[in-house]
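In what follows, a single structure is set out as structure tokens and then discussed.
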Amino acid sequence: MSTPSEPLKIAEAVLRQRRFNLIWLVPIIAAGISVYLAVTFLSNRGPLITISFLTADGITAQQTEVKHKAVSLGMVENVHLSKDLKRALVHVRMKREAVPLLTDHAHFWVVRPRLTPGSISGLETLVSGAYIEVDPGDPGGTPTDDFMGLEDPPAVRSDLPGSTFWLQAPRLGSIGPGTPVFYRDVTVGEVLNYDIGDGQGPVRIRIFVRAPFDHFVHDATHFWNASGVLLTLGSQGIHLEFESLQALLSGGVAFETPHSMLDMPRSADDHLFNLFATEADADAAGLADNIPLVTYFDSSVAGLARGSEVEVFGLQIGTVTDVRLTLIPGATHMRARVAFDIQPERVFAETRLDARTAPAEAVSSLIRQGMRAVLESSNFITGQKAISLQYVPDASAATLGHEGNLLVIPSQGGGLDNITASISDIATKLDKIPFDDIGRDLAGTLSSVNRTVSGPDMQNALRQLSATLTDISHLARHADEGLTPALKRLPQLSADLQQAVARANILLGRGGIGADSDMQRNLARLLDQVNDAARSIRLLADFLDRHPEALIRGRAGGAGER
């Protein structure tokens, strides 16, 4: 216990300066980092855009990215349906570096695995997942933040060099977006889209040809449909053709430019070309000289169709363009009208028609020489036919006709038609023969002969004839036996008679009878007659010696012997 006498001691406060605590660096640094991240985030943060798709298949919020050339440009923030529930609205937060790409020329689509007859794409998304690809399009577009997404990738990217052209054809066939375009079997482009217009006219097809192959497209270039397999059975046999396996699966368009036209300037963008059905049609269109002709047939033209060949001496010189039936004015029967084009350049190289010489004059001259249009069979297996321009011998006189601006040449039956016509004429003549009347008359005649032969009179006549023949045979046998000795002596008698005549001639000559007296002349004639008689007897003896039966039958059996 303290005493009061001791004073109270008060402690003095001593002020000392406090040092900085390092622990405060942690929140400061964290705050700085936060500020930096915030500034960086806000500086890189781009606009929020909306992309409308038919479906959000494969799109996930906070996972699906927007890319261009595999570089990330944004992230999907959320996905929801439109008010009408017909489309999916995808909100994407883009980066600031993507702002120049966001114009009305840009296209967005979802990259996912796709399998088409022409190609396979998007296989990498099987591992990484689907993403949205953007194509900025051509420069100069208007900035926007609302886009309509594509359901399929565009056929051509905006940064791919090349040219676009238009084709027109009566029908589309198997051609569609993505169909390849070939040049000498090399894929050089593809079909972008098509437009059928009002549905009544030709179909317009837009194609893209990559550089540098677009420099092979000139105004004289011909395009044709190279889709699938082309099988032809014609006068040259079976011909199978297809452009490539890809064209067989997905169709295709091919083109070719004549060598003489390669030095011309290339066609401008969006130039319009005709799309031909086959390569043969395209080649025919490239021929400069084309003469349209018409002919008429009164017989069947089965097997003749559009595209059939027109030949001269077996060489194709043209193509049939139309086959139809026409009714002759003022007549009751119809004829087949066949229109065809001929191109002399097919067989006459480096030949061009002289503009000063009208084709009508040349064709008229050929008709006067006997040229006619003849329908011939080009393939007996398939029944296909062709028009053959032939010189018909002894052709009836004909002249060149006119049907508007078309030339009409006369026709002539040929081939199986002639055979059919001949058979028809024979059948007509046979039909005029009264076979029924002839059959009835022949039946009556045979009946009468049968009654006559089987009657009693004929039986008696046959018995009498048999008896007569027996008697004649017996007589001939006895005559041969009785005449044989006499016939053997006939040669000797003839020789003796000849000798007697000779002696008589000697005797008369020695008797002094005048050579010019009547007696001499009469005697000479008598000796000649006797000489002839002796020669005849000798010949008769020789003949009867060889053919004693001639006494009964005559010389009919030995008329050829002497």
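Ligands are numbered from 1 in the order shown, residues from 1 within each chain, and chains are lettered A, B, ... in the order they appear in the structure tokens.
Every protein or nucleic acid residue with an atom no more than 8 Å from range 363-376 of chain A, counting only C-alpha atoms and leaving out same-chain residues fewer than 5 positions away, appears here: Thr295, Val301, Lys385, Ala386, Ile387, Ser388, Leu389, Gln390, Tyr391, Val392, Pro393, Asp394, Ala395, Ala397, Ala398, Thr399, Leu400, Ile409, Pro410, Ser411, Gln412, Gly413, Gly414, Gly415 and Leu416 of chain A.
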Option closest in space to Glu190 in chain A, from A:Asn78, A:Asn460, A:Ser163, A:Ser52 [counting only C-alpha atoms]: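 Of the candidates, the smallest distance to Glu190 in chain A is held by A:Ser163.
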Contacts of Met94 in chain A within 9 Å, only C-alpha atoms, excl. fewer than 4 positions in-chain, as a PyMOL selection string: chain A and resi 44-49+66+73-76+98-99
Residue set, range 136-369 of chain A restricted to helix (DSSP H, G or I), as a PyMOL selection string: chain A and resi 213-216+245-250+259-261+279-285+344-346+359-368
